[in-house]
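Written below as structure tokens is the structure these notes are about.
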Amino acid sequence: MSTDQNEISFPTVPTPDEQARRQAVARHEQLTKPAGSLGRLEELGVWVAARQGLCPPRPFARPRVVVFAGDHGVAGHGVSAYPSEVTGQMVANFLAGGAAVNVLATNTGATVRVVDMAVNADTPPVVSAHKVRRASGSIDREDALTDAEVRAAINAGRTIADEEIDSGADLLIAGDMGIGNTTPAAVLISALTGTEPVAVVGRGTGIDDNAWMRKTAAIRDALRRARKVLDDPVALLRTSSGADIAALTGFLAQAAVRRTPVLLDGVVVGAAALVAEEIAPGARQWWLAGHRSAEPGGPLVLEHLDLTPVLDLQMRLGEGSGALTALPILTAATRVLGEMATFAEAGVGGPTEAEATGPRS
């Protein structure tokens, strides 16, 4: 085991509250509806109750989006439809409230924080306090980060999770922004799921066939380097991710340690989630997949982590946009479980014993 791994460790991840889960299942059977008639909405309410340790659960009072931004050296090799300068420009757009994540957060009552981990530009102090470097290394030919940088990035993610939870956030949404970031995401997903690169490479920001071939070649070359450190998740992040993805990893793991539910977004957050589950086994119990990304790696992440997405709207923007789109459904599921009347409260006749138990054999 490397010294990196020894220096980065997380406490045992607690399990969700089984008693609250059972109480939620039992309560659903008493609400004024046929059992199971609200389908997945019932499952989601039970999921929230178990994570809050409370039945009935309460609607989330302070959902918080944290967007981790960073540039990637590999973007300089023609793997994206957009130039790297867009990352810094989009950080400014987030701060001005003009991005999709801002609009969708307003729609759900969530608030947005942006963190510059490795943007290749100067950003305001409000977002750059945890910045590790300007652009991570080009992972097809060099490590993304140094030993010190990967530790700093993971620990920044942990600290940010603690800051948000200590400030009252009761649901966290992880988002990403970085031109070229689907390339390291694809490398991590390919490496950790044992999938061939060609099955993981997507169109990202909308690349043409030539750029897709360049991206595939870059992922193939980066994967050769990644496979040498597959048994060490911290070394894998150092070699093949970037400061933004490493920070996302620490953020997701620490949220689970702190018993705080997380709505996952798309393929970049999903790649970080794969590594976070390696670093903090059991963390996935605290995550809910907001949507199924249109990127090929998205379904691979969900299958590997055994997560069922709330939505499938063919989204691939990132930023936390898919998770935020799913949040109103999660809120509705929570309110149904907490605010619907029971048969007894409403004076409505419940199911007969035969209807409740089904036909006898």
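Identifiers for the structure tokens are assigned positionally: chains receive A, B, ... in sequence, residues are indexed from 1 per chain, and ligands are indexed from 1 in the order shown.
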
Practice problem: Determine which residues of stretch 8-202 of chain A receive a DSSP assignment of alpha helix (DSSP H), computed from the backbone, and state them as a ChimeraX atom specification. | Solution: /A:18-30,40-52,85-96,100-108,125-128,147-166,182-193

Could you give me, as JSON lines, a per-residue list for stretch 87-166 of chain A showing, wherever an atom lies at most 12 Å from an atom of stretch 327-335 of chain A, the closest pair of atoms and their distance in Å to one decimal, using only C-alpha atoms and sorting by chain then residue number from low to high?
```
{"residue": "A:Leu104", "atom": "CA", "partner": "A:Leu327", "partner_atom": "CA", "distance": 9.6}
{"residue": "A:Ala105", "atom": "CA", "partner": "A:Leu327", "partner_atom": "CA", "distance": 9.3}
{"residue": "A:Thr106", "atom": "CA", "partner": "A:Pro328", "partner_atom": "CA", "distance": 11.5}
{"residue": "A:Asn107", "atom": "CA", "partner": "A:Pro328", "partner_atom": "CA", "distance": 8.7}
{"residue": "A:Thr108", "atom": "CA", "partner": "A:Pro328", "partner_atom": "CA", "distance": 6.3}
{"residue": "A:Gly109", "atom": "CA", "partner": "A:Pro328", "partner_atom": "CA", "distance": 9.5}
{"residue": "A:Ala110", "atom": "CA", "partner": "A:Leu327", "partner_atom": "CA", "distance": 9.2}
```

Exercise. Could you check how far atom CA of A:Gly282 sits from atom CA of A:Asp166, in Å to one decimal?
Key: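 Between atom CA of A:Gly282 and atom CA of A:Asp166 the gap is 22.0 Å.
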
Quiz item: Leaving out stretch 117-133 of chain A and any residue of its chain fewer than 5 positions from it, which residues lie within 12 Å of it when counting only C-alpha atoms, given as a PyMOL selection string?
Solution: chain A and resi 66-73+75-76+83-95+112+144-160+176-181+241-248

Practice problem: If you run DSSP over the backbone, which residues in stretch 64-279 of chain A end up strand (DSSP E or B)? Put them as a count of residues only. | Solution: 27
